[in-house]
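Colleague: Sharing a structure below in structure tokens format, with a few things to ask.
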Amino acid sequence: MTTTLVTAGPPTTPTTPTTPAAPAAPTTPGDTAFESFASICERLAGFDGRLDPFHVDGWLAVLACGPVRLPAAQWLEAMGDDAFDRAFADPTDRAQALAGLEARLQALHGMLDAEVLLKAPDTARLEPYFDDWAGGEEEELAAEGEPTQPPLPEPPLPKAALPEPPRDDQVGTTWAEGVIDALEVLAAPGGPWALADEAQVTQVLDEIADQVLVLLMDREGDDFRQHVEKYLRGKAPSRDDLLLNACFALQDLRLFLLDHGPRPETRRVESKPGRNDPCPCGSGKKYKKCHGAAEAG
């Protein structure tokens, strides 16, 4: 398995898609589905501050990649301990909230449908709820009592001297934190996914995590430069490139886990004794006179 990356130079390993990848189309706040999902997460965040809608969406995206579908009670506890139980103690509230989270999870399962991914490996299908750092900053300022209105504009500069708008390199950070959190819990040795602790599995999971961790790195830091050298031939990517690579990484994770996830245990069926054989219970009677009599009756 190779992770599909958007590179800024000639194709190397990892390779650039031969067919141009469709840009990731993250759903942004403002639509009904997101607002419903966000209202549930706001309740959760009241009991666990990490669980805002973007963090939860990253967590659920990894959950949707899993080799098995975990019971709701198990993944809710893995994601936030008892936050869900505390936030939704009323049975009616609980049922509605769980339905809302499972609706988003079901949508993510559809985006990560393995059959579709295999048919179009160079197409980005995952559509995360990528957080907008600017919007989050306004909410933090409001919570601190600071004015959120921008200052009065200064006199305009001559057209030729206008600076380019700053690039927001924080988009997707909260989502990325949710992804990494879920990977650390679900893919841990002995964790819910019960993955084999093999060198190949560990290496691939680390490479996939790298494509998400880079969203949390300082572009001026050594870690970021090492990532660019290792995966992108030293050509600095745009933020959109990094977000797209993270989407491809989770799609690759989905396909990888289908091949390397836990295998169901072989069911052993004991051969049934003959009617005149000794009963396996050890009574000394013939099977037909002991446990076999109950079956015949």
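Please note that chains go A, B, ... in the order of the structure tokens, that every chain numbers its residues from 1, and that ligands are numbered from 1 in the order shown.
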List the spatial neighbours of stretch 43-54 of chain A as number ranges by chain - criterion: any atom at most 8 Å away, only C-alpha atoms, same-chain residues fewer than 3 positions off excluded.

Modeller: A: 37-40, 57-58, 80, 83-84, 86-87, 129-131, 174-175, 178

Colleague: Dump all heavy atoms for the selected residues as a compact mmCIF listing (two decimals), in the first residue's frame?

Modeller:
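Here's the written file out.txt:
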```
# COMPACT_ATOMS: atom_id res chain seq x y z
N PHE A 37 -25.08 18.36 14.28
CA PHE A 37 -23.92 17.66 14.82
C PHE A 37 -23.20 18.53 15.84
O PHE A 37 -22.81 18.06 16.92
CB PHE A 37 -23.00 17.28 13.67
CG PHE A 37 -21.72 16.59 14.06
CD1 PHE A 37 -21.72 15.26 14.43
CD2 PHE A 37 -20.51 17.28 14.03
CE1 PHE A 37 -20.53 14.62 14.79
CE2 PHE A 37 -19.34 16.65 14.39
CZ PHE A 37 -19.34 15.32 14.76
N ALA A 38 -23.01 19.80 15.51
CA ALA A 38 -22.28 20.70 16.40
C ALA A 38 -23.01 20.91 17.72
O ALA A 38 -22.38 21.03 18.77
CB ALA A 38 -22.06 22.04 15.70
N SER A 39 -24.34 20.95 17.69
CA SER A 39 -25.08 21.15 18.93
C SER A 39 -24.88 19.99 19.89
O SER A 39 -24.81 20.17 21.11
CB SER A 39 -26.57 21.35 18.63
OG SER A 39 -27.15 20.16 18.11
N ILE A 40 -24.77 18.78 19.35
CA ILE A 40 -24.50 17.60 20.19
C ILE A 40 -23.10 17.72 20.80
O ILE A 40 -22.90 17.49 22.00
CB ILE A 40 -24.62 16.32 19.37
CG1 ILE A 40 -26.05 16.15 18.85
CG2 ILE A 40 -24.20 15.10 20.18
CD1 ILE A 40 -26.20 15.05 17.82
N ASP A 57 -15.33 15.02 14.89
CA ASP A 57 -15.40 14.57 13.49
C ASP A 57 -14.12 13.86 13.09
O ASP A 57 -14.17 12.85 12.36
CB ASP A 57 -15.65 15.76 12.57
CG ASP A 57 -16.03 15.32 11.17
OD1 ASP A 57 -17.06 14.64 11.02
OD2 ASP A 57 -15.29 15.64 10.22
N GLY A 58 -12.96 14.35 13.54
CA GLY A 58 -11.71 13.64 13.27
C GLY A 58 -11.70 12.28 13.91
O GLY A 58 -11.26 11.29 13.31
N GLY A 80 -14.53 9.59 24.88
CA GLY A 80 -14.65 10.62 25.91
C GLY A 80 -15.01 10.11 27.28
O GLY A 80 -15.67 10.84 28.04
N ALA A 83 -18.23 11.23 29.26
CA ALA A 83 -18.76 12.54 28.87
C ALA A 83 -20.15 12.42 28.24
O ALA A 83 -21.04 13.23 28.52
CB ALA A 83 -17.80 13.24 27.90
N PHE A 84 -20.34 11.40 27.39
CA PHE A 84 -21.64 11.26 26.73
C PHE A 84 -22.72 10.92 27.75
O PHE A 84 -23.82 11.50 27.71
CB PHE A 84 -21.57 10.18 25.65
CG PHE A 84 -22.82 10.06 24.83
CD1 PHE A 84 -23.05 10.90 23.75
CD2 PHE A 84 -23.80 9.13 25.16
CE1 PHE A 84 -24.23 10.80 23.00
CE2 PHE A 84 -24.97 9.02 24.42
CZ PHE A 84 -25.18 9.86 23.34
N ARG A 86 -22.83 11.66 30.87
CA ARG A 86 -23.10 12.81 31.73
C ARG A 86 -23.84 13.91 30.97
O ARG A 86 -24.70 14.58 31.52
CB ARG A 86 -21.79 13.35 32.29
CG ARG A 86 -21.08 12.36 33.22
CD ARG A 86 -19.67 12.82 33.54
NE ARG A 86 -19.66 14.06 34.30
CZ ARG A 86 -18.60 14.85 34.45
NH1 ARG A 86 -17.46 14.51 33.87
NH2 ARG A 86 -18.68 15.95 35.18
N ALA A 87 -23.49 14.09 29.70
CA ALA A 87 -24.13 15.16 28.92
C ALA A 87 -25.56 14.81 28.53
O ALA A 87 -26.40 15.70 28.39
CB ALA A 87 -23.30 15.43 27.66
N TYR A 129 -15.17 17.90 8.52
CA TYR A 129 -15.54 19.20 9.04
C TYR A 129 -14.25 19.88 9.49
O TYR A 129 -13.85 19.80 10.64
CB TYR A 129 -16.50 19.06 10.23
CG TYR A 129 -17.89 18.62 9.88
CD1 TYR A 129 -18.61 17.79 10.73
CD2 TYR A 129 -18.51 19.04 8.70
CE1 TYR A 129 -19.90 17.39 10.43
CE2 TYR A 129 -19.79 18.63 8.39
CZ TYR A 129 -20.49 17.81 9.26
OH TYR A 129 -21.77 17.42 8.95
N PHE A 130 -13.57 20.53 8.56
CA PHE A 130 -12.32 21.20 8.90
C PHE A 130 -12.63 22.50 9.64
O PHE A 130 -13.40 23.32 9.16
CB PHE A 130 -11.52 21.53 7.64
CG PHE A 130 -10.80 20.37 7.04
CD1 PHE A 130 -10.77 20.20 5.66
CD2 PHE A 130 -10.15 19.45 7.83
CE1 PHE A 130 -10.10 19.14 5.09
CE2 PHE A 130 -9.47 18.39 7.27
CZ PHE A 130 -9.44 18.22 5.91
N ASP A 131 -12.00 22.65 10.78
CA ASP A 131 -12.21 23.85 11.58
C ASP A 131 -11.53 25.05 10.94
O ASP A 131 -10.48 24.93 10.32
CB ASP A 131 -11.68 23.66 13.00
CG ASP A 131 -10.31 22.98 13.02
OD1 ASP A 131 -10.21 21.88 12.44
OD2 ASP A 131 -9.37 23.54 13.60
N THR A 174 -7.72 21.29 14.86
CA THR A 174 -8.55 20.60 15.85
C THR A 174 -9.02 19.26 15.31
O THR A 174 -9.06 18.26 16.04
CB THR A 174 -9.74 21.47 16.26
OG1 THR A 174 -9.28 22.76 16.65
CG2 THR A 174 -10.52 20.85 17.40
N TRP A 175 -9.38 19.22 14.04
CA TRP A 175 -9.73 17.96 13.39
C TRP A 175 -8.56 16.98 13.46
O TRP A 175 -8.75 15.79 13.79
CB TRP A 175 -10.12 18.22 11.94
CG TRP A 175 -10.45 16.99 11.15
CD1 TRP A 175 -11.64 16.34 11.08
CD2 TRP A 175 -9.55 16.26 10.29
NE1 TRP A 175 -11.54 15.24 10.25
CE2 TRP A 175 -10.28 15.18 9.75
CE3 TRP A 175 -8.22 16.43 9.93
CZ2 TRP A 175 -9.72 14.26 8.87
CZ3 TRP A 175 -7.64 15.51 9.05
CH2 TRP A 175 -8.38 14.45 8.53
N GLY A 178 -8.18 15.36 16.77
CA GLY A 178 -9.15 14.28 16.95
C GLY A 178 -8.72 13.00 16.26
O GLY A 178 -8.88 11.89 16.79
```

Colleague: Figure out the distance between atom CA of A:Arg69 and atom CA of A:Gly100, please, to one decimal in Å.

Modeller: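 That distance, rounded to one decimal, is 17.0 Å.
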
Colleague: Record the distance separating atom CA of A:Asp85 and atom CA of A:Ala72, expressed in Å with one decimal.

Modeller: 11.9 Å

Colleague: Which residues come within 12 Å of A:Asp210, counting only C-alpha atoms, excluding same-chain residues fewer than 4 positions away, as number ranges by chain?

Modeller: A: 3, 5, 176, 179-180, 183, 203-206, 214-217, 223-224, 226-228, 230-231, 242, 245-246, 249-250

Colleague: Can you work out the spacing between atom CA of A:Phe248 and atom CA of A:Thr32 in Å, to one decimal?

Modeller: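 Taking atom CA of A:Phe248 as the start and atom CA of A:Thr32 as the end point, the length is 26.2 Å.
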